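Enquirer: Structure file my_file.cif (mmCIF, C-alpha atoms; chains and numbers go by the auth columns) right here:
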```
data_structure
loop_
_atom_site.group_PDB
_atom_site.id
_atom_site.type_symbol
_atom_site.label_atom_id
_atom_site.label_comp_id
_atom_site.label_asym_id
_atom_site.label_seq_id
_atom_site.Cartn_x
_atom_site.Cartn_y
_atom_site.Cartn_z
_atom_site.B_iso_or_equiv
_atom_site.auth_seq_id
_atom_site.auth_asym_id
ATOM 1 C CA MET A 1 0.000 0.000 0.000 0.00 1 E
ATOM 2 C CA THR A 2 1.284 3.465 -0.890 0.00 2 E
ATOM 3 C CA LYS A 3 1.714 5.832 2.039 0.00 3 E
ATOM 4 C CA ILE A 4 0.462 9.348 1.329 0.00 4 E
ATOM 5 C CA VAL A 5 2.301 12.154 3.118 0.00 5 E
ATOM 6 C CA ARG A 6 0.554 15.503 2.948 0.00 6 E
ATOM 7 C CA LYS A 7 1.450 19.007 4.014 0.00 7 E
ATOM 8 C CA ALA A 8 -1.121 21.118 5.786 0.00 8 E
ATOM 9 C CA GLN A 9 -2.959 23.315 3.270 0.00 9 E
ATOM 10 C CA SER A 10 -1.588 26.517 4.812 0.00 10 E
ATOM 11 C CA ASP A 11 2.001 25.205 4.585 0.00 11 E
ATOM 12 C CA ARG A 12 2.029 24.738 0.822 0.00 12 E
ATOM 13 C CA SER A 13 2.354 27.171 -2.023 0.00 13 E
ATOM 14 C CA PHE A 14 0.093 27.216 -5.050 0.00 14 E
ATOM 15 C CA GLU A 15 2.901 25.684 -7.101 0.00 15 E
ATOM 16 C CA GLU A 16 3.417 22.847 -4.606 0.00 16 E
ATOM 17 C CA ALA A 17 -0.307 22.114 -4.570 0.00 17 E
ATOM 18 C CA MET A 18 -0.463 22.073 -8.387 0.00 18 E
ATOM 19 C CA LEU A 19 2.505 19.687 -8.569 0.00 19 E
ATOM 20 C CA GLU A 20 0.900 17.399 -6.005 0.00 20 E
ATOM 21 C CA LEU A 21 -2.406 17.559 -7.907 0.00 21 E
ATOM 22 C CA GLU A 22 -0.631 16.618 -11.153 0.00 22 E
ATOM 23 C CA GLN A 23 1.054 13.672 -9.411 0.00 23 E
ATOM 24 C CA THR A 24 -2.276 12.557 -7.937 0.00 24 E
ATOM 25 C CA VAL A 25 -3.987 12.704 -11.327 0.00 25 E
ATOM 26 C CA SER A 26 -1.113 10.751 -12.869 0.00 26 E
ATOM 27 C CA LYS A 27 -1.511 7.990 -10.257 0.00 27 E
ATOM 28 C CA LEU A 28 -5.231 7.802 -10.969 0.00 28 E
ATOM 29 C CA GLU A 29 -4.732 7.737 -14.739 0.00 29 E
ATOM 30 C CA LYS A 30 -2.248 4.855 -14.530 0.00 30 E
ATOM 31 C CA GLY A 31 -4.894 2.723 -12.861 0.00 31 E
ATOM 32 C CA ASP A 32 -2.404 0.480 -11.083 0.00 32 E
ATOM 33 C CA ILE A 33 -3.602 1.218 -7.532 0.00 33 E
ATOM 34 C CA SER A 34 -6.410 -0.385 -5.605 0.00 34 E
ATOM 35 C CA LEU A 35 -9.961 0.935 -5.620 0.00 35 E
ATOM 36 C CA GLU A 36 -9.584 2.122 -2.024 0.00 36 E
ATOM 37 C CA GLU A 37 -6.359 3.992 -2.845 0.00 37 E
ATOM 38 C CA SER A 38 -8.022 5.455 -5.935 0.00 38 E
ATOM 39 C CA ILE A 39 -10.911 6.794 -3.869 0.00 39 E
ATOM 40 C CA THR A 40 -8.498 8.254 -1.295 0.00 40 E
ATOM 41 C CA ASN A 41 -6.408 9.856 -4.040 0.00 41 E
ATOM 42 C CA PHE A 42 -9.515 11.177 -5.773 0.00 42 E
ATOM 43 C CA GLY A 43 -10.676 12.854 -2.550 0.00 43 E
ATOM 44 C CA HIS A 44 -7.242 14.359 -2.032 0.00 44 E
ATOM 45 C CA GLY A 45 -7.249 15.599 -5.627 0.00 45 E
ATOM 46 C CA ILE A 46 -10.573 17.345 -5.024 0.00 46 E
ATOM 47 C CA GLU A 47 -9.133 19.038 -1.922 0.00 47 E
ATOM 48 C CA LEU A 48 -6.076 20.173 -3.883 0.00 48 E
ATOM 49 C CA SER A 49 -8.228 21.411 -6.744 0.00 49 E
ATOM 50 C CA ARG A 50 -10.357 23.498 -4.366 0.00 50 E
ATOM 51 C CA TYR A 51 -7.236 24.878 -2.668 0.00 51 E
ATOM 52 C CA CYS A 52 -5.723 25.888 -6.022 0.00 52 E
ATOM 53 C CA ALA A 53 -9.003 27.446 -7.190 0.00 53 E
ATOM 54 C CA SER A 54 -9.160 29.445 -3.961 0.00 54 E
ATOM 55 C CA LYS A 55 -5.593 30.703 -4.443 0.00 55 E
ATOM 56 C CA LEU A 56 -6.382 31.689 -8.040 0.00 56 E
ATOM 57 C CA ASP A 57 -9.498 33.570 -6.873 0.00 57 E
ATOM 58 C CA GLU A 58 -7.380 35.478 -4.350 0.00 58 E
ATOM 59 C CA ALA A 59 -4.847 36.368 -7.040 0.00 59 E
ATOM 60 C CA GLU A 60 -7.609 37.508 -9.405 0.00 60 E
ATOM 61 C CA LYS A 61 -9.041 39.811 -6.737 0.00 61 E
ATOM 62 C CA LYS A 62 -5.600 41.290 -6.059 0.00 62 E
ATOM 63 C CA ILE A 63 -5.077 41.915 -9.769 0.00 63 E
ATOM 64 C CA SER A 64 -8.492 43.582 -10.048 0.00 64 E
ATOM 65 C CA ILE A 65 -7.623 45.899 -7.163 0.00 65 E
ATOM 66 C CA LEU A 66 -4.377 46.834 -8.888 0.00 66 E
ATOM 67 C CA LEU A 67 -5.901 47.438 -12.296 0.00 67 E
ATOM 68 C CA GLN A 68 -9.188 49.288 -11.973 0.00 68 E
ATOM 69 C CA ASP A 69 -10.766 52.124 -9.979 0.00 69 E
ATOM 70 C CA GLU A 70 -14.484 52.898 -9.547 0.00 70 E
ATOM 71 C CA GLU A 71 -14.646 54.616 -12.939 0.00 71 E
ATOM 72 C CA GLY A 72 -12.864 51.833 -14.772 0.00 72 E
ATOM 73 C CA ASN A 73 -9.554 53.692 -15.020 0.00 73 E
ATOM 74 C CA LEU A 74 -6.404 51.633 -14.698 0.00 74 E
ATOM 75 C CA ILE A 75 -4.558 52.455 -11.496 0.00 75 E
ATOM 76 C CA GLU A 76 -2.329 50.847 -8.892 0.00 76 E
ATOM 77 C CA LYS A 77 -3.351 50.961 -5.248 0.00 77 E
ATOM 78 C CA GLU A 78 -2.486 49.199 -1.994 0.00 78 E
ATOM 79 C CA PHE A 79 -4.475 46.183 -0.848 0.00 79 E
ATOM 80 C CA ASP A 80 -4.729 44.052 2.300 0.00 80 E
ATOM 81 C CA ILE A 81 -4.530 40.303 2.334 0.00 81 E
#
```
Here is the file; what I need is its structure written in the form of structure tokens.
Expert:
Amino acid sequence: MTKIVRKAQSDRSFEEAMLELEQTVSKLEKGDISLEESITNFGHGIELSRYCASKLDEAEKKISILLQDEEGNLIEKEFDI
């Protein structure tokens, strides 16, 4: 049985999560793991996907703050995380 070691969500970067998601998908696509392991990996992949989507949403909001004011003019302003 393959042991899965995972970092806490808050301890990983977007890039680390994407790499782990790609590895998880690759394991599932190969099809050489048990059904139980596949289900576990699938659930982990969903978690990673949601984490990455959340990080992308945060980045999109930051970019919007940097690019547009109330009148639609392009500006740069400070933002809080």
Enquirer: Give me the residues of region 16-39 of chain E that have any atom at most 10 Å from an atom of region 44-56 of chain E; for each, the nearest atom pair and the distance in Å, rounded to one decimal. Use only C-alpha atoms, sort by chain and number, and format it as CSV.
Expert:
```
residue,atom,partner,partner_atom,distance
E:Glu16,CA,E:Cys52,CA,9.7
E:Ala17,CA,E:Leu48,CA,6.1
E:Met18,CA,E:Cys52,CA,6.9
E:Leu19,CA,E:Leu48,CA,9.8
E:Glu20,CA,E:Leu48,CA,7.8
E:Leu21,CA,E:Gly45,CA,5.7
E:Glu22,CA,E:Gly45,CA,8.7
E:Gln23,CA,E:Gly45,CA,9.3
E:Thr24,CA,E:Gly45,CA,6.3
E:Val25,CA,E:Gly45,CA,7.2
E:Leu28,CA,E:Gly45,CA,9.7
E:Ser38,CA,E:His44,CA,9.8
E:Ile39,CA,E:His44,CA,8.6
```
Enquirer: Could you tell me how far CA of Phe14 (chain E) sits from CA of Lys62 (chain E), in Å to one decimal place?
Expert: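 Atom-to-atom, CA of Lys62 (chain E) to CA of Phe14 (chain E), that is 15.2 Å.
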Enquirer: Between CA of Ile75 (chain E) and CA of Ala59 (chain E), measure the distance and give it in Å to one decimal.
Expert: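 Between CA of Ile75 (chain E) and CA of Ala59 (chain E) the gap works out to 16.7 Å.
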Enquirer: Could you jot down the CA of Gly43 (chain E) to CA of Glu58 (chain E) separation for me, Å, one decimal place?
Expert: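 Computing it gives 22.9 Å between the two atoms.
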Enquirer: Output file request: region 28-76 of chain E, with N, CA and C atoms, as a PDB file, in the first residue's frame.
Expert:
```pdb
ATOM      1  N   LEU E  28      -3.880   8.266 -10.639  1.00  0.00           N
ATOM      2  CA  LEU E  28      -5.231   7.802 -10.969  1.00  0.00           C
ATOM      3  C   LEU E  28      -5.331   7.356 -12.421  1.00  0.00           C
ATOM      4  N   GLU E  29      -4.680   8.077 -13.318  1.00  0.00           N
ATOM      5  CA  GLU E  29      -4.732   7.737 -14.739  1.00  0.00           C
ATOM      6  C   GLU E  29      -4.022   6.419 -15.047  1.00  0.00           C
ATOM      7  N   LYS E  30      -2.964   6.115 -14.306  1.00  0.00           N
ATOM      8  CA  LYS E  30      -2.248   4.855 -14.530  1.00  0.00           C
ATOM      9  C   LYS E  30      -3.139   3.658 -14.223  1.00  0.00           C
ATOM     10  N   GLY E  31      -3.965   3.789 -13.197  1.00  0.00           N
ATOM     11  CA  GLY E  31      -4.894   2.723 -12.861  1.00  0.00           C
ATOM     12  C   GLY E  31      -4.269   1.500 -12.209  1.00  0.00           C
ATOM     13  N   ASP E  32      -3.060   1.642 -11.686  1.00  0.00           N
ATOM     14  CA  ASP E  32      -2.404   0.480 -11.083  1.00  0.00           C
ATOM     15  C   ASP E  32      -2.458   0.481  -9.550  1.00  0.00           C
ATOM     16  N   ILE E  33      -3.401   1.223  -8.975  1.00  0.00           N
ATOM     17  CA  ILE E  33      -3.602   1.218  -7.532  1.00  0.00           C
ATOM     18  C   ILE E  33      -4.980   0.643  -7.224  1.00  0.00           C
ATOM     19  N   SER E  34      -5.151   0.243  -5.991  1.00  0.00           N
ATOM     20  CA  SER E  34      -6.410  -0.385  -5.605  1.00  0.00           C
ATOM     21  C   SER E  34      -7.568   0.617  -5.654  1.00  0.00           C
ATOM     22  N   LEU E  35      -8.771   0.094  -5.622  1.00  0.00           N
ATOM     23  CA  LEU E  35      -9.961   0.935  -5.620  1.00  0.00           C
ATOM     24  C   LEU E  35      -9.956   1.858  -4.411  1.00  0.00           C
ATOM     25  N   GLU E  36      -9.608   1.313  -3.245  1.00  0.00           N
ATOM     26  CA  GLU E  36      -9.584   2.122  -2.024  1.00  0.00           C
ATOM     27  C   GLU E  36      -8.573   3.263  -2.137  1.00  0.00           C
ATOM     28  N   GLU E  37      -7.377   2.961  -2.647  1.00  0.00           N
ATOM     29  CA  GLU E  37      -6.359   3.992  -2.845  1.00  0.00           C
ATOM     30  C   GLU E  37      -6.825   5.019  -3.884  1.00  0.00           C
ATOM     31  N   SER E  38      -7.504   4.547  -4.904  1.00  0.00           N
ATOM     32  CA  SER E  38      -8.022   5.455  -5.935  1.00  0.00           C
ATOM     33  C   SER E  38      -9.024   6.429  -5.342  1.00  0.00           C
ATOM     34  N   ILE E  39      -9.910   5.933  -4.500  1.00  0.00           N
ATOM     35  CA  ILE E  39     -10.911   6.794  -3.869  1.00  0.00           C
ATOM     36  C   ILE E  39     -10.237   7.807  -2.953  1.00  0.00           C
ATOM     37  N   THR E  40      -9.248   7.354  -2.177  1.00  0.00           N
ATOM     38  CA  THR E  40      -8.498   8.254  -1.295  1.00  0.00           C
ATOM     39  C   THR E  40      -7.781   9.320  -2.111  1.00  0.00           C
ATOM     40  N   ASN E  41      -7.120   8.909  -3.180  1.00  0.00           N
ATOM     41  CA  ASN E  41      -6.408   9.856  -4.040  1.00  0.00           C
ATOM     42  C   ASN E  41      -7.372  10.817  -4.724  1.00  0.00           C
ATOM     43  N   PHE E  42      -8.517  10.317  -5.136  1.00  0.00           N
ATOM     44  CA  PHE E  42      -9.515  11.177  -5.773  1.00  0.00           C
ATOM     45  C   PHE E  42      -9.973  12.257  -4.797  1.00  0.00           C
ATOM     46  N   GLY E  43     -10.264  11.880  -3.567  1.00  0.00           N
ATOM     47  CA  GLY E  43     -10.676  12.854  -2.550  1.00  0.00           C
ATOM     48  C   GLY E  43      -9.600  13.887  -2.294  1.00  0.00           C
ATOM     49  N   HIS E  44      -8.358  13.428  -2.228  1.00  0.00           N
ATOM     50  CA  HIS E  44      -7.242  14.359  -2.032  1.00  0.00           C
ATOM     51  C   HIS E  44      -7.108  15.298  -3.229  1.00  0.00           C
ATOM     52  N   GLY E  45      -7.302  14.768  -4.425  1.00  0.00           N
ATOM     53  CA  GLY E  45      -7.249  15.599  -5.627  1.00  0.00           C
ATOM     54  C   GLY E  45      -8.315  16.682  -5.611  1.00  0.00           C
ATOM     55  N   ILE E  46      -9.504  16.343  -5.135  1.00  0.00           N
ATOM     56  CA  ILE E  46     -10.573  17.345  -5.024  1.00  0.00           C
ATOM     57  C   ILE E  46     -10.165  18.444  -4.051  1.00  0.00           C
ATOM     58  N   GLU E  47      -9.601  18.058  -2.906  1.00  0.00           N
ATOM     59  CA  GLU E  47      -9.133  19.038  -1.922  1.00  0.00           C
ATOM     60  C   GLU E  47      -8.083  19.967  -2.534  1.00  0.00           C
ATOM     61  N   LEU E  48      -7.126  19.381  -3.242  1.00  0.00           N
ATOM     62  CA  LEU E  48      -6.076  20.173  -3.883  1.00  0.00           C
ATOM     63  C   LEU E  48      -6.652  21.103  -4.941  1.00  0.00           C
ATOM     64  N   SER E  49      -7.590  20.608  -5.704  1.00  0.00           N
ATOM     65  CA  SER E  49      -8.228  21.411  -6.744  1.00  0.00           C
ATOM     66  C   SER E  49      -8.937  22.622  -6.134  1.00  0.00           C
ATOM     67  N   ARG E  50      -9.657  22.396  -5.049  1.00  0.00           N
ATOM     68  CA  ARG E  50     -10.357  23.498  -4.366  1.00  0.00           C
ATOM     69  C   ARG E  50      -9.369  24.501  -3.794  1.00  0.00           C
ATOM     70  N   TYR E  51      -8.269  24.004  -3.216  1.00  0.00           N
ATOM     71  CA  TYR E  51      -7.236  24.878  -2.668  1.00  0.00           C
ATOM     72  C   TYR E  51      -6.642  25.751  -3.773  1.00  0.00           C
ATOM     73  N   CYS E  52      -6.307  25.140  -4.900  1.00  0.00           N
ATOM     74  CA  CYS E  52      -5.723  25.888  -6.022  1.00  0.00           C
ATOM     75  C   CYS E  52      -6.720  26.910  -6.575  1.00  0.00           C
ATOM     76  N   ALA E  53      -7.972  26.517  -6.701  1.00  0.00           N
ATOM     77  CA  ALA E  53      -9.003  27.446  -7.190  1.00  0.00           C
ATOM     78  C   ALA E  53      -9.142  28.628  -6.251  1.00  0.00           C
ATOM     79  N   SER E  54      -9.075  28.374  -4.952  1.00  0.00           N
ATOM     80  CA  SER E  54      -9.160  29.445  -3.961  1.00  0.00           C
ATOM     81  C   SER E  54      -7.981  30.407  -4.099  1.00  0.00           C
ATOM     82  N   LYS E  55      -6.784  29.863  -4.265  1.00  0.00           N
ATOM     83  CA  LYS E  55      -5.593  30.703  -4.443  1.00  0.00           C
ATOM     84  C   LYS E  55      -5.693  31.527  -5.725  1.00  0.00           C
ATOM     85  N   LEU E  56      -6.209  30.942  -6.789  1.00  0.00           N
ATOM     86  CA  LEU E  56      -6.382  31.689  -8.040  1.00  0.00           C
ATOM     87  C   LEU E  56      -7.414  32.803  -7.884  1.00  0.00           C
ATOM     88  N   ASP E  57      -8.491  32.537  -7.139  1.00  0.00           N
ATOM     89  CA  ASP E  57      -9.498  33.570  -6.873  1.00  0.00           C
ATOM     90  C   ASP E  57      -8.885  34.736  -6.109  1.00  0.00           C
ATOM     91  N   GLU E  58      -8.059  34.429  -5.109  1.00  0.00           N
ATOM     92  CA  GLU E  58      -7.380  35.478  -4.350  1.00  0.00           C
ATOM     93  C   GLU E  58      -6.496  36.318  -5.260  1.00  0.00           C
ATOM     94  N   ALA E  59      -5.741  35.662  -6.123  1.00  0.00           N
ATOM     95  CA  ALA E  59      -4.847  36.368  -7.040  1.00  0.00           C
ATOM     96  C   ALA E  59      -5.648  37.244  -8.002  1.00  0.00           C
ATOM     97  N   GLU E  60      -6.767  36.735  -8.488  1.00  0.00           N
ATOM     98  CA  GLU E  60      -7.609  37.508  -9.405  1.00  0.00           C
ATOM     99  C   GLU E  60      -8.139  38.771  -8.728  1.00  0.00           C
ATOM    100  N   LYS E  61      -8.545  38.650  -7.479  1.00  0.00           N
ATOM    101  CA  LYS E  61      -9.041  39.811  -6.737  1.00  0.00           C
ATOM    102  C   LYS E  61      -7.943  40.844  -6.544  1.00  0.00           C
ATOM    103  N   LYS E  62      -6.731  40.379  -6.229  1.00  0.00           N
ATOM    104  CA  LYS E  62      -5.600  41.290  -6.059  1.00  0.00           C
ATOM    105  C   LYS E  62      -5.309  42.023  -7.359  1.00  0.00           C
ATOM    106  N   ILE E  63      -5.341  41.301  -8.465  1.00  0.00           N
ATOM    107  CA  ILE E  63      -5.077  41.915  -9.769  1.00  0.00           C
ATOM    108  C   ILE E  63      -6.152  42.951 -10.087  1.00  0.00           C
ATOM    109  N   SER E  64      -7.405  42.637  -9.795  1.00  0.00           N
ATOM    110  CA  SER E  64      -8.492  43.582 -10.048  1.00  0.00           C
ATOM    111  C   SER E  64      -8.295  44.856  -9.247  1.00  0.00           C
ATOM    112  N   ILE E  65      -7.866  44.731  -7.998  1.00  0.00           N
ATOM    113  CA  ILE E  65      -7.623  45.899  -7.163  1.00  0.00           C
ATOM    114  C   ILE E  65      -6.516  46.750  -7.777  1.00  0.00           C
ATOM    115  N   LEU E  66      -5.502  46.111  -8.309  1.00  0.00           N
ATOM    116  CA  LEU E  66      -4.377  46.834  -8.888  1.00  0.00           C
ATOM    117  C   LEU E  66      -4.712  47.502 -10.214  1.00  0.00           C
ATOM    118  N   LEU E  67      -5.687  46.983 -10.929  1.00  0.00           N
ATOM    119  CA  LEU E  67      -5.901  47.438 -12.296  1.00  0.00           C
ATOM    120  C   LEU E  67      -7.045  48.412 -12.529  1.00  0.00           C
ATOM    121  N   GLN E  68      -8.013  48.502 -11.628  1.00  0.00           N
ATOM    122  CA  GLN E  68      -9.188  49.288 -11.973  1.00  0.00           C
ATOM    123  C   GLN E  68      -9.744  50.061 -10.782  1.00  0.00           C
ATOM    124  N   ASP E  69     -10.103  51.348 -11.021  1.00  0.00           N
ATOM    125  CA  ASP E  69     -10.766  52.124  -9.979  1.00  0.00           C
ATOM    126  C   ASP E  69     -12.272  52.102 -10.227  1.00  0.00           C
ATOM    127  N   GLU E  70     -13.024  52.899  -9.452  1.00  0.00           N
ATOM    128  CA  GLU E  70     -14.484  52.898  -9.547  1.00  0.00           C
ATOM    129  C   GLU E  70     -14.998  53.312 -10.932  1.00  0.00           C
ATOM    130  N   GLU E  71     -14.227  54.124 -11.626  1.00  0.00           N
ATOM    131  CA  GLU E  71     -14.646  54.616 -12.939  1.00  0.00           C
ATOM    132  C   GLU E  71     -14.092  53.760 -14.081  1.00  0.00           C
ATOM    133  N   GLY E  72     -13.408  52.700 -13.741  1.00  0.00           N
ATOM    134  CA  GLY E  72     -12.864  51.833 -14.772  1.00  0.00           C
ATOM    135  C   GLY E  72     -11.481  52.230 -15.256  1.00  0.00           C
ATOM    136  N   ASN E  73     -10.889  53.262 -14.635  1.00  0.00           N
ATOM    137  CA  ASN E  73      -9.554  53.692 -15.020  1.00  0.00           C
ATOM    138  C   ASN E  73      -8.514  52.761 -14.427  1.00  0.00           C
ATOM    139  N   LEU E  74      -7.466  52.506 -15.175  1.00  0.00           N
ATOM    140  CA  LEU E  74      -6.404  51.633 -14.698  1.00  0.00           C
ATOM    141  C   LEU E  74      -5.522  52.394 -13.720  1.00  0.00           C
ATOM    142  N   ILE E  75      -5.378  51.835 -12.534  1.00  0.00           N
ATOM    143  CA  ILE E  75      -4.558  52.455 -11.496  1.00  0.00           C
ATOM    144  C   ILE E  75      -3.858  51.354 -10.695  1.00  0.00           C
ATOM    145  N   GLU E  76      -2.969  51.766  -9.832  1.00  0.00           N
ATOM    146  CA  GLU E  76      -2.329  50.847  -8.892  1.00  0.00           C
ATOM    147  C   GLU E  76      -2.585  51.383  -7.499  1.00  0.00           C
TER     148      GLU E  76
END
```
